[in-house]
file protein.txt (compact mmCIF, N, CA and C atoms)
# COMPACT_ATOMS: atom_id res chain seq x y z
N MET Y 1 25.03 43.32 -18.71
CA MET Y 1 25.57 42.34 -19.63
C MET Y 1 27.09 42.51 -19.76
N ARG Y 2 27.57 43.73 -19.63
CA ARG Y 2 29.02 43.96 -19.74
C ARG Y 2 29.78 43.24 -18.65
N LYS Y 3 29.21 43.21 -17.46
CA LYS Y 3 29.88 42.54 -16.34
C LYS Y 3 30.04 41.04 -16.63
N ILE Y 4 29.02 40.44 -17.21
CA ILE Y 4 29.09 39.02 -17.56
C ILE Y 4 30.11 38.81 -18.67
N SER Y 5 30.12 39.69 -19.66
CA SER Y 5 31.10 39.59 -20.75
C SER Y 5 32.52 39.66 -20.21
N ARG Y 6 32.78 40.58 -19.30
CA ARG Y 6 34.11 40.70 -18.71
C ARG Y 6 34.46 39.45 -17.91
N TYR Y 7 33.49 38.95 -17.17
CA TYR Y 7 33.68 37.73 -16.38
C TYR Y 7 34.07 36.57 -17.31
N LEU Y 8 33.35 36.40 -18.42
CA LEU Y 8 33.61 35.29 -19.33
C LEU Y 8 34.96 35.45 -20.05
N LYS Y 9 35.36 36.67 -20.35
CA LYS Y 9 36.63 36.90 -21.03
C LYS Y 9 37.83 36.50 -20.17
N LYS Y 10 37.65 36.49 -18.87
CA LYS Y 10 38.73 36.10 -17.96
C LYS Y 10 38.90 34.58 -17.91
N LYS Y 11 37.95 33.84 -18.48
CA LYS Y 11 37.98 32.39 -18.39
C LYS Y 11 38.27 31.77 -19.76
N ASP Y 12 38.86 30.60 -19.73
CA ASP Y 12 39.07 29.83 -20.94
C ASP Y 12 37.78 29.08 -21.25
N ALA Y 13 37.29 29.18 -22.47
CA ALA Y 13 36.01 28.57 -22.83
C ALA Y 13 36.00 27.07 -22.58
N SER Y 14 37.16 26.43 -22.66
CA SER Y 14 37.21 24.98 -22.44
C SER Y 14 37.00 24.61 -20.97
N SER Y 15 37.11 25.59 -20.09
CA SER Y 15 36.91 25.31 -18.66
C SER Y 15 35.61 25.92 -18.13
N TYR Y 16 34.71 26.28 -19.03
CA TYR Y 16 33.42 26.83 -18.61
C TYR Y 16 32.65 25.82 -17.75
N THR Y 17 32.03 26.35 -16.71
CA THR Y 17 31.08 25.56 -15.93
C THR Y 17 29.74 25.59 -16.67
N HIS Y 18 28.78 24.86 -16.15
CA HIS Y 18 27.44 24.89 -16.76
C HIS Y 18 26.89 26.31 -16.75
N LEU Y 19 27.06 27.00 -15.63
CA LEU Y 19 26.57 28.37 -15.53
C LEU Y 19 27.30 29.29 -16.51
N ASP Y 20 28.59 29.11 -16.68
CA ASP Y 20 29.34 29.93 -17.64
C ASP Y 20 28.78 29.74 -19.05
N ALA Y 21 28.47 28.51 -19.41
CA ALA Y 21 27.91 28.23 -20.73
C ALA Y 21 26.55 28.89 -20.89
N ILE Y 22 25.76 28.91 -19.81
CA ILE Y 22 24.45 29.58 -19.85
C ILE Y 22 24.66 31.09 -20.00
N PHE Y 23 25.60 31.65 -19.23
CA PHE Y 23 25.92 33.07 -19.38
C PHE Y 23 26.34 33.38 -20.82
N ASN Y 24 27.16 32.52 -21.40
CA ASN Y 24 27.62 32.74 -22.77
C ASN Y 24 26.45 32.75 -23.75
N ALA Y 25 25.52 31.81 -23.58
CA ALA Y 25 24.34 31.77 -24.44
C ALA Y 25 23.48 33.02 -24.25
N TYR Y 26 23.43 33.52 -23.03
CA TYR Y 26 22.69 34.76 -22.75
C TYR Y 26 23.36 35.94 -23.45
N VAL Y 27 24.66 36.06 -23.30
CA VAL Y 27 25.39 37.21 -23.86
C VAL Y 27 25.36 37.20 -25.38
N ASP Y 28 25.54 36.04 -25.99
CA ASP Y 28 25.60 36.01 -27.46
C ASP Y 28 24.23 35.95 -28.14
N GLY Y 29 23.16 35.90 -27.34
CA GLY Y 29 21.81 35.96 -27.89
C GLY Y 29 21.19 34.63 -28.23
N THR Y 30 21.94 33.55 -28.13
CA THR Y 30 21.35 32.25 -28.50
C THR Y 30 20.28 31.80 -27.50
N LEU Y 31 20.42 32.17 -26.25
CA LEU Y 31 19.39 31.83 -25.27
C LEU Y 31 18.07 32.52 -25.61
N GLN Y 32 18.12 33.80 -25.93
CA GLN Y 32 16.92 34.54 -26.31
C GLN Y 32 16.28 33.94 -27.56
N GLU Y 33 17.10 33.61 -28.55
CA GLU Y 33 16.58 33.01 -29.78
C GLU Y 33 15.90 31.68 -29.50
N LEU Y 34 16.50 30.88 -28.64
CA LEU Y 34 15.94 29.58 -28.28
C LEU Y 34 14.59 29.75 -27.58
N LEU Y 35 14.53 30.66 -26.61
CA LEU Y 35 13.28 30.89 -25.89
C LEU Y 35 12.20 31.43 -26.82
N ASP Y 36 12.57 32.35 -27.70
CA ASP Y 36 11.62 32.89 -28.68
C ASP Y 36 11.08 31.78 -29.59
N SER Y 37 11.96 30.89 -30.02
CA SER Y 37 11.56 29.83 -30.96
C SER Y 37 10.59 28.84 -30.32
N LYS Y 38 10.60 28.74 -29.00
CA LYS Y 38 9.70 27.83 -28.29
C LYS Y 38 8.41 28.50 -27.85
N GLY Y 39 8.23 29.78 -28.19
CA GLY Y 39 6.97 30.46 -27.90
C GLY Y 39 6.89 31.13 -26.54
N PHE Y 40 8.02 31.28 -25.86
CA PHE Y 40 8.01 31.98 -24.57
C PHE Y 40 7.90 33.48 -24.81
N ILE Y 41 7.22 34.17 -23.92
CA ILE Y 41 7.04 35.62 -24.04
C ILE Y 41 7.35 36.28 -22.70
N ASN Y 42 7.37 37.61 -22.72
CA ASN Y 42 7.63 38.41 -21.50
C ASN Y 42 8.85 37.89 -20.75
N ILE Y 43 9.93 37.68 -21.47
CA ILE Y 43 11.14 37.10 -20.90
C ILE Y 43 11.94 38.19 -20.19
N GLU Y 44 12.24 37.94 -18.92
CA GLU Y 44 13.04 38.87 -18.13
C GLU Y 44 14.22 38.12 -17.54
N TYR Y 45 15.38 38.79 -17.56
CA TYR Y 45 16.61 38.21 -17.02
C TYR Y 45 17.07 39.04 -15.83
N PHE Y 46 17.53 38.34 -14.81
CA PHE Y 46 18.11 38.98 -13.63
C PHE Y 46 19.44 38.28 -13.39
N ARG Y 47 20.54 39.00 -13.56
CA ARG Y 47 21.85 38.38 -13.49
C ARG Y 47 22.63 38.92 -12.30
N GLN Y 48 23.50 38.06 -11.80
CA GLN Y 48 24.30 38.45 -10.65
C GLN Y 48 25.69 37.81 -10.79
N ILE Y 49 26.70 38.64 -10.73
CA ILE Y 49 28.09 38.18 -10.71
C ILE Y 49 28.69 38.71 -9.43
N ARG Y 50 29.01 37.80 -8.53
CA ARG Y 50 29.63 38.17 -7.26
C ARG Y 50 30.71 37.16 -6.95
N ARG Y 51 31.58 37.52 -6.06
CA ARG Y 51 32.71 36.65 -5.75
C ARG Y 51 32.28 35.24 -5.34
N ASN Y 52 31.29 35.14 -4.50
CA ASN Y 52 30.89 33.83 -3.99
C ASN Y 52 29.55 33.33 -4.52
N ARG Y 53 28.92 34.10 -5.41
CA ARG Y 53 27.60 33.67 -5.87
C ARG Y 53 27.28 34.30 -7.21
N ASN Y 54 27.30 33.48 -8.24
CA ASN Y 54 26.87 33.91 -9.56
C ASN Y 54 25.55 33.22 -9.87
N CYS Y 55 24.68 33.92 -10.55
CA CYS Y 55 23.43 33.28 -10.96
C CYS Y 55 22.79 34.07 -12.10
N LEU Y 56 21.94 33.36 -12.82
CA LEU Y 56 21.09 33.98 -13.83
C LEU Y 56 19.68 33.48 -13.57
N GLN Y 57 18.80 34.42 -13.28
CA GLN Y 57 17.39 34.08 -13.06
C GLN Y 57 16.63 34.54 -14.29
N ILE Y 58 15.72 33.68 -14.72
CA ILE Y 58 14.89 33.99 -15.89
C ILE Y 58 13.44 33.81 -15.49
N GLN Y 59 12.63 34.82 -15.80
CA GLN Y 59 11.19 34.71 -15.59
C GLN Y 59 10.55 34.89 -16.95
N LEU Y 60 9.63 34.02 -17.29
CA LEU Y 60 9.00 34.07 -18.61
C LEU Y 60 7.60 33.49 -18.56
N TRP Y 61 6.87 33.73 -19.60
CA TRP Y 61 5.50 33.25 -19.71
C TRP Y 61 5.40 32.28 -20.88
N TYR Y 62 4.54 31.29 -20.71
CA TYR Y 62 4.17 30.38 -21.79
C TYR Y 62 2.66 30.30 -21.75
N HIS Y 63 2.02 31.03 -22.63
CA HIS Y 63 0.57 31.21 -22.64
C HIS Y 63 0.13 31.75 -21.27
N ASN Y 64 -0.61 30.96 -20.49
CA ASN Y 64 -1.10 31.46 -19.19
C ASN Y 64 -0.23 31.00 -18.02
N LEU Y 65 0.88 30.33 -18.30
CA LEU Y 65 1.75 29.82 -17.24
C LEU Y 65 2.99 30.70 -17.10
N VAL Y 66 3.46 30.84 -15.87
CA VAL Y 66 4.67 31.59 -15.59
C VAL Y 66 5.75 30.58 -15.18
N VAL Y 67 6.95 30.81 -15.68
CA VAL Y 67 8.08 29.95 -15.33
C VAL Y 67 9.16 30.84 -14.72
N THR Y 68 9.70 30.41 -13.60
CA THR Y 68 10.85 31.05 -13.00
C THR Y 68 11.95 30.00 -12.91
N ALA Y 69 13.12 30.34 -13.43
CA ALA Y 69 14.27 29.43 -13.36
C ALA Y 69 15.47 30.22 -12.85
N GLU Y 70 16.24 29.60 -11.98
CA GLU Y 70 17.46 30.24 -11.49
C GLU Y 70 18.61 29.25 -11.63
N PHE Y 71 19.62 29.68 -12.37
CA PHE Y 71 20.81 28.87 -12.61
C PHE Y 71 21.94 29.43 -11.77
N ARG Y 72 22.51 28.56 -10.94
CA ARG Y 72 23.61 28.94 -10.06
C ARG Y 72 24.85 28.13 -10.43
N ASP Y 73 25.94 28.35 -9.73
CA ASP Y 73 27.18 27.66 -10.05
C ASP Y 73 27.05 26.14 -9.97
N ASN Y 74 26.41 25.62 -8.95
CA ASN Y 74 26.39 24.18 -8.73
C ASN Y 74 25.05 23.50 -8.95
N ASP Y 75 23.99 24.27 -9.05
CA ASP Y 75 22.68 23.68 -9.25
C ASP Y 75 21.73 24.71 -9.86
N TYR Y 76 20.53 24.27 -10.12
CA TYR Y 76 19.51 25.18 -10.67
C TYR Y 76 18.15 24.75 -10.14
N ASP Y 77 17.21 25.67 -10.20
CA ASP Y 77 15.85 25.31 -9.86
C ASP Y 77 14.90 25.99 -10.84
N TYR Y 78 13.71 25.44 -10.89
CA TYR Y 78 12.68 26.10 -11.68
C TYR Y 78 11.32 25.69 -11.15
N GLY Y 79 10.34 26.51 -11.48
CA GLY Y 79 8.97 26.24 -11.10
C GLY Y 79 8.02 26.78 -12.15
N VAL Y 80 6.89 26.15 -12.26
CA VAL Y 80 5.84 26.56 -13.19
C VAL Y 80 4.60 26.83 -12.35
N TYR Y 81 4.01 27.99 -12.55
CA TYR Y 81 2.87 28.35 -11.72
C TYR Y 81 1.93 29.28 -12.49
N LEU Y 82 0.75 29.43 -11.93
CA LEU Y 82 -0.23 30.35 -12.49
C LEU Y 82 -0.02 31.73 -11.86
N PRO Y 83 -0.22 32.80 -12.63
CA PRO Y 83 -0.09 34.12 -12.03
C PRO Y 83 -1.11 34.29 -10.91
N GLY Y 84 -0.69 34.98 -9.87
CA GLY Y 84 -1.58 35.21 -8.74
C GLY Y 84 -1.59 34.09 -7.73
N CYS Y 85 -0.69 33.13 -7.88
CA CYS Y 85 -0.67 32.03 -6.91
C CYS Y 85 -0.19 32.56 -5.55
N THR Y 86 -0.48 31.80 -4.53
CA THR Y 86 -0.06 32.21 -3.19
C THR Y 86 1.43 31.92 -3.01
N ALA Y 87 2.02 32.50 -1.98
CA ALA Y 87 3.43 32.26 -1.68
C ALA Y 87 3.65 30.78 -1.40
N GLU Y 88 2.73 30.15 -0.74
CA GLU Y 88 2.85 28.72 -0.44
C GLU Y 88 2.81 27.88 -1.72
N GLU Y 89 1.90 28.21 -2.63
CA GLU Y 89 1.83 27.50 -3.91
C GLU Y 89 3.11 27.70 -4.71
N PHE Y 90 3.64 28.91 -4.67
CA PHE Y 90 4.89 29.20 -5.38
C PHE Y 90 6.03 28.35 -4.81
N GLU Y 91 6.16 28.32 -3.50
CA GLU Y 91 7.23 27.54 -2.86
C GLU Y 91 7.11 26.05 -3.20
N GLN Y 92 5.90 25.55 -3.27
CA GLN Y 92 5.69 24.13 -3.56
C GLN Y 92 6.05 23.77 -5.00
N CYS Y 93 6.01 24.72 -5.90
CA CYS Y 93 6.27 24.41 -7.30
C CYS Y 93 7.76 24.49 -7.67
N ILE Y 94 8.59 25.04 -6.80
CA ILE Y 94 10.01 25.19 -7.09
C ILE Y 94 10.75 23.91 -6.72
N HIS Y 95 11.52 23.38 -7.67
CA HIS Y 95 12.30 22.16 -7.45
C HIS Y 95 13.74 22.43 -7.84
N THR Y 96 14.66 21.93 -7.04
CA THR Y 96 16.09 22.15 -7.26
C THR Y 96 16.72 20.89 -7.84
N TYR Y 97 17.64 21.09 -8.79
CA TYR Y 97 18.31 19.98 -9.47
C TYR Y 97 19.81 20.25 -9.53
N SER Y 98 20.57 19.19 -9.54
CA SER Y 98 22.00 19.28 -9.81
C SER Y 98 22.20 19.15 -11.32
N TYR Y 99 23.22 19.79 -11.83
CA TYR Y 99 23.52 19.66 -13.26
C TYR Y 99 24.01 18.25 -13.56
N SER Y 100 23.48 17.65 -14.60
CA SER Y 100 24.04 16.39 -15.08
C SER Y 100 25.29 16.72 -15.89
N ALA Y 101 26.13 15.74 -16.12
CA ALA Y 101 27.37 15.97 -16.86
C ALA Y 101 27.10 16.49 -18.27
N ASP Y 102 25.98 16.06 -18.86
CA ASP Y 102 25.68 16.47 -20.24
C ASP Y 102 24.63 17.59 -20.32
N PHE Y 103 24.43 18.31 -19.22
CA PHE Y 103 23.44 19.40 -19.20
C PHE Y 103 23.81 20.47 -20.23
N THR Y 104 22.80 20.91 -20.97
CA THR Y 104 22.93 22.10 -21.82
C THR Y 104 21.67 22.93 -21.65
N ILE Y 105 21.80 24.23 -21.85
CA ILE Y 105 20.63 25.09 -21.72
C ILE Y 105 19.62 24.78 -22.82
N ALA Y 106 20.10 24.40 -24.00
CA ALA Y 106 19.19 24.05 -25.10
C ALA Y 106 18.36 22.83 -24.74
N ALA Y 107 18.98 21.81 -24.17
CA ALA Y 107 18.24 20.61 -23.78
C ALA Y 107 17.24 20.94 -22.66
N PHE Y 108 17.64 21.80 -21.73
CA PHE Y 108 16.73 22.21 -20.66
C PHE Y 108 15.50 22.91 -21.24
N VAL Y 109 15.70 23.87 -22.14
CA VAL Y 109 14.58 24.62 -22.72
C VAL Y 109 13.68 23.69 -23.53
N ASN Y 110 14.27 22.78 -24.28
CA ASN Y 110 13.46 21.83 -25.05
C ASN Y 110 12.63 20.95 -24.13
N SER Y 111 13.24 20.45 -23.07
CA SER Y 111 12.52 19.62 -22.11
C SER Y 111 11.43 20.42 -21.41
N LEU Y 112 11.73 21.65 -21.04
CA LEU Y 112 10.75 22.51 -20.38
C LEU Y 112 9.54 22.74 -21.28
N SER Y 113 9.76 22.99 -22.56
CA SER Y 113 8.63 23.25 -23.45
C SER Y 113 7.74 22.02 -23.59
N ILE Y 114 8.33 20.83 -23.55
CA ILE Y 114 7.55 19.60 -23.61
C ILE Y 114 6.71 19.46 -22.34
N VAL Y 115 7.33 19.71 -21.19
CA VAL Y 115 6.60 19.64 -19.90
C VAL Y 115 5.44 20.63 -19.90
N LEU Y 116 5.68 21.84 -20.38
CA LEU Y 116 4.63 22.86 -20.38
C LEU Y 116 3.49 22.50 -21.31
N ASP Y 117 3.80 21.93 -22.47
CA ASP Y 117 2.74 21.53 -23.40
C ASP Y 117 1.83 20.47 -22.81
N LYS Y 118 2.33 19.69 -21.86
CA LYS Y 118 1.55 18.62 -21.23
C LYS Y 118 0.89 19.08 -19.93
N ASP Y 119 1.17 20.29 -19.48
CA ASP Y 119 0.64 20.79 -18.20
C ASP Y 119 -0.87 20.97 -18.32
N SER Y 120 -1.60 20.40 -17.39
CA SER Y 120 -3.07 20.45 -17.44
C SER Y 120 -3.62 21.86 -17.24
N ARG Y 121 -2.81 22.76 -16.70
CA ARG Y 121 -3.26 24.15 -16.48
C ARG Y 121 -3.11 25.03 -17.70
N LEU Y 122 -2.49 24.50 -18.73
CA LEU Y 122 -2.20 25.30 -19.93
C LEU Y 122 -3.48 25.63 -20.70
N ARG Y 123 -3.58 26.91 -21.05
CA ARG Y 123 -4.69 27.40 -21.88
C ARG Y 123 -4.09 28.17 -23.05
N GLY Y 124 -4.85 28.34 -24.07
CA GLY Y 124 -4.46 29.27 -25.13
C GLY Y 124 -3.80 28.64 -26.32
N LEU Y 125 -3.80 27.32 -26.43
CA LEU Y 125 -3.19 26.70 -27.61
C LEU Y 125 -4.15 26.65 -28.76

call {"tool": "encode", "arguments": {"input": "protein.txt", "output": "C-alpha cells"}}
result
Amino acid sequence: MRKISRYLKKKDASSYTHLDAIFNAYVDGTLQELLDSKGFINIEYFRQIRRNRNCLQIQLWYHNLVVTAEFRDNDYDYGVYLPGCTAEEFEQCIHTYSYSADFTIAAFVNSLSIVLDKDSRLRGL
C-alpha cells in the first residue's frame, strides 16, 4: 500500500486517471467500506505499480459467487463465476470494458451488486 501512496503523492489529484481514483479509494479505505456495505466477503487485493503497467485486481465473494475484477490504466475487466469452475468457464465469464467518461468505482460496485442479485446462480439470500 505504501508504494501506491507514494505513486499517488507524485500526482495532482485533479489529473487522476480512473485507475488513480480507484487506487485512492483503496488506500483511503473507502473501497473496502463500499464493498463491505454491499455484502461482499473474502475480499483480496492484488496491486501492481510498474512503469508500463499499473493495475489493481480484486477477488471477492458474494454468497456462493466469486467475482474477479482487474482495473488497469485504460480498461478493466471482471467476471462472475462459481468456485471450482473450469479454466474454459472462467475465460468465458471475463469481459473487458473501456472506462466511460463518468466511471466511478462506487457506480461500478453498485451496478455489480445489482447484477449479482439477479444472477440465477445466486444462493444464500

call {"tool": "atom_distance", "arguments": {"input": "protein.txt", "atom1": "atom C of Y:Tyr45", "atom2": "atom C of Y:Lys118"}}
result
26.0 Å

call {"tool": "select_by_dssp", "arguments": {"input": "protein.txt", "residues": "chain Y", "states": "strand (DSSP E or B)", "output": "ChimeraX atom specification"}}
result
/Y:41-48,55-62,65-72,75-81,95-98

call {"tool": "write_last_selection", "arguments": {"input": "protein.txt", "atoms": "N, CA and C atoms", "output": "compact mmCIF listing (two decimals), in the frame of the given file"}}
result
# COMPACT_ATOMS: atom_id res chain seq x y z
N ILE Y 41 7.22 34.17 -23.92
CA ILE Y 41 7.04 35.62 -24.04
C ILE Y 41 7.35 36.28 -22.70
N ASN Y 42 7.37 37.61 -22.72
CA ASN Y 42 7.63 38.41 -21.50
C ASN Y 42 8.85 37.89 -20.75
N ILE Y 43 9.93 37.68 -21.47
CA ILE Y 43 11.14 37.10 -20.90
C ILE Y 43 11.94 38.19 -20.19
N GLU Y 44 12.24 37.94 -18.92
CA GLU Y 44 13.04 38.87 -18.13
C GLU Y 44 14.22 38.12 -17.54
N TYR Y 45 15.38 38.79 -17.56
CA TYR Y 45 16.61 38.21 -17.02
C TYR Y 45 17.07 39.04 -15.83
N PHE Y 46 17.53 38.34 -14.81
CA PHE Y 46 18.11 38.98 -13.63
C PHE Y 46 19.44 38.28 -13.39
N ARG Y 47 20.54 39.00 -13.56
CA ARG Y 47 21.85 38.38 -13.49
C ARG Y 47 22.63 38.92 -12.30
N GLN Y 48 23.50 38.06 -11.80
CA GLN Y 48 24.30 38.45 -10.65
C GLN Y 48 25.69 37.81 -10.79
N CYS Y 55 24.68 33.92 -10.55
CA CYS Y 55 23.43 33.28 -10.96
C CYS Y 55 22.79 34.07 -12.10
N LEU Y 56 21.94 33.36 -12.82
CA LEU Y 56 21.09 33.98 -13.83
C LEU Y 56 19.68 33.48 -13.57
N GLN Y 57 18.80 34.42 -13.28
CA GLN Y 57 17.39 34.08 -13.06
C GLN Y 57 16.63 34.54 -14.29
N ILE Y 58 15.72 33.68 -14.72
CA ILE Y 58 14.89 33.99 -15.89
C ILE Y 58 13.44 33.81 -15.49
N GLN Y 59 12.63 34.82 -15.80
CA GLN Y 59 11.19 34.71 -15.59
C GLN Y 59 10.55 34.89 -16.95
N LEU Y 60 9.63 34.02 -17.29
CA LEU Y 60 9.00 34.07 -18.61
C LEU Y 60 7.60 33.49 -18.56
N TRP Y 61 6.87 33.73 -19.60
CA TRP Y 61 5.50 33.25 -19.71
C TRP Y 61 5.40 32.28 -20.88
N TYR Y 62 4.54 31.29 -20.71
CA TYR Y 62 4.17 30.38 -21.79
C TYR Y 62 2.66 30.30 -21.75
N LEU Y 65 0.88 30.33 -18.30
CA LEU Y 65 1.75 29.82 -17.24
C LEU Y 65 2.99 30.70 -17.10
N VAL Y 66 3.46 30.84 -15.87
CA VAL Y 66 4.67 31.59 -15.59
C VAL Y 66 5.75 30.58 -15.18
N VAL Y 67 6.95 30.81 -15.68
CA VAL Y 67 8.08 29.95 -15.33
C VAL Y 67 9.16 30.84 -14.72
N THR Y 68 9.70 30.41 -13.60
CA THR Y 68 10.85 31.05 -13.00
C THR Y 68 11.95 30.00 -12.91
N ALA Y 69 13.12 30.34 -13.43
CA ALA Y 69 14.27 29.43 -13.36
C ALA Y 69 15.47 30.22 -12.85
N GLU Y 70 16.24 29.60 -11.98
CA GLU Y 70 17.46 30.24 -11.49
C GLU Y 70 18.61 29.25 -11.63
N PHE Y 71 19.62 29.68 -12.37
CA PHE Y 71 20.81 28.87 -12.61
C PHE Y 71 21.94 29.43 -11.77
N ARG Y 72 22.51 28.56 -10.94
CA ARG Y 72 23.61 28.94 -10.06
C ARG Y 72 24.85 28.13 -10.43
N ASP Y 75 23.99 24.27 -9.05
CA ASP Y 75 22.68 23.68 -9.25
C ASP Y 75 21.73 24.71 -9.86
N TYR Y 76 20.53 24.27 -10.12
CA TYR Y 76 19.51 25.18 -10.67
C TYR Y 76 18.15 24.75 -10.14
N ASP Y 77 17.21 25.67 -10.20
CA ASP Y 77 15.85 25.31 -9.86
C ASP Y 77 14.90 25.99 -10.84
N TYR Y 78 13.71 25.44 -10.89
CA TYR Y 78 12.68 26.10 -11.68
C TYR Y 78 11.32 25.69 -11.15
N GLY Y 79 10.34 26.51 -11.48
CA GLY Y 79 8.97 26.24 -11.10
C GLY Y 79 8.02 26.78 -12.15
N VAL Y 80 6.89 26.15 -12.26
CA VAL Y 80 5.84 26.56 -13.19
C VAL Y 80 4.60 26.83 -12.35
N TYR Y 81 4.01 27.99 -12.55
CA TYR Y 81 2.87 28.35 -11.72
C TYR Y 81 1.93 29.28 -12.49
N HIS Y 95 11.52 23.38 -7.67
CA HIS Y 95 12.30 22.16 -7.45
C HIS Y 95 13.74 22.43 -7.84
N THR Y 96 14.66 21.93 -7.04
CA THR Y 96 16.09 22.15 -7.26
C THR Y 96 16.72 20.89 -7.84
N TYR Y 97 17.64 21.09 -8.79
CA TYR Y 97 18.31 19.98 -9.47
C TYR Y 97 19.81 20.25 -9.53
N SER Y 98 20.57 19.19 -9.54
CA SER Y 98 22.00 19.28 -9.81
C SER Y 98 22.20 19.15 -11.32

call {"tool": "atom_distance", "arguments": {"input": "protein.txt", "atom1": "atom C of Y:Tyr97", "atom2": "atom C of Y:Asn110"}}
result
16.3 Å

call {"tool": "select_by_dssp", "arguments": {"input": "protein.txt", "residues": "chain Y", "states": "helix (DSSP H, G or I)", "output": "MDAnalysis selection string"}}
result
chainID Y and resid 2:9 13:15 18:28 30:37 87:93 105:118

call {"tool": "residues_around", "arguments": {"input": "protein.txt", "residues": "stretch 5-19 of chain Y", "least_positions_apart": "2", "cutoff": "7 Å", "atoms": "all atoms listed in the file", "output": "count of residues only"}}
result
13

call {"tool": "atom_distance", "arguments": {"input": "protein.txt", "atom1": "atom C of Y:Pro83", "atom2": "atom CA of Y:Ile114"}}
result
21.3 Å

call {"tool": "closest_residue", "arguments": {"input": "protein.txt", "among": "Y:Phe90, Y:Gln48, Y:Val115, Y:Ile4", "to": "Y:Ala25", "atoms": "only C-alpha atoms"}}
result
Y:Ile4

call {"tool": "closest_residue", "arguments": {"input": "protein.txt", "among": "Y:Glu89, Y:Asp20, Y:Asp28, Y:Asp77", "to": "Y:Gln57", "atoms": "only C-alpha atoms"}}
result
Y:Asp77

call {"tool": "closest_residue", "arguments": {"input": "protein.txt", "among": "Y:Asp75, Y:Ser120, Y:Cys55, Y:Cys85", "to": "Y:Ala101", "atoms": "only C-alpha atoms"}}
result
Y:Asp75

call {"tool": "residues_around", "arguments": {"input": "protein.txt", "residues": "Y:Ile94", "least_positions_apart": "3", "cutoff": "6 Å", "atoms": "only N, CA and C atoms", "output": "PDB file with N, CA and C atoms, in the coordinates of the input"}}
result
ATOM      1  N   TYR Y  78      13.710  25.440 -10.890  1.00  0.00           N
ATOM      2  CA  TYR Y  78      12.680  26.100 -11.680  1.00  0.00           C
ATOM      3  C   TYR Y  78      11.320  25.690 -11.150  1.00  0.00           C
ATOM      4  N   GLY Y  79      10.340  26.510 -11.480  1.00  0.00           N
ATOM      5  CA  GLY Y  79       8.970  26.240 -11.100  1.00  0.00           C
ATOM      6  C   GLY Y  79       8.020  26.780 -12.150  1.00  0.00           C
ATOM      7  N   VAL Y  80       6.890  26.150 -12.260  1.00  0.00           N
ATOM      8  CA  VAL Y  80       5.840  26.560 -13.190  1.00  0.00           C
ATOM      9  C   VAL Y  80       4.600  26.830 -12.350  1.00  0.00           C
ATOM     10  N   PHE Y  90       3.640  28.910  -4.670  1.00  0.00           N
ATOM     11  CA  PHE Y  90       4.890  29.200  -5.380  1.00  0.00           C
ATOM     12  C   PHE Y  90       6.030  28.350  -4.810  1.00  0.00           C
ATOM     13  N   GLU Y  91       6.160  28.320  -3.500  1.00  0.00           N
ATOM     14  CA  GLU Y  91       7.230  27.540  -2.860  1.00  0.00           C
ATOM     15  C   GLU Y  91       7.110  26.050  -3.200  1.00  0.00           C
TER      16      GLU Y  91
END

call {"tool": "residues_around", "arguments": {"input": "protein.txt", "residues": "Y:Val67", "least_positions_apart": "2", "cutoff": "8 Å", "atoms": "all atoms listed in the file", "output": "VMD selection string"}}
result
chain Y and resid 58 to 62 64 to 65 69 to 70 78 to 82

call {"tool": "closest_residue", "arguments": {"input": "protein.txt", "among": "Y:Ser37, Y:Tyr76, Y:Cys93, Y:Gly84", "to": "Y:Asn54", "atoms": "only C-alpha atoms"}}
result
Y:Tyr76
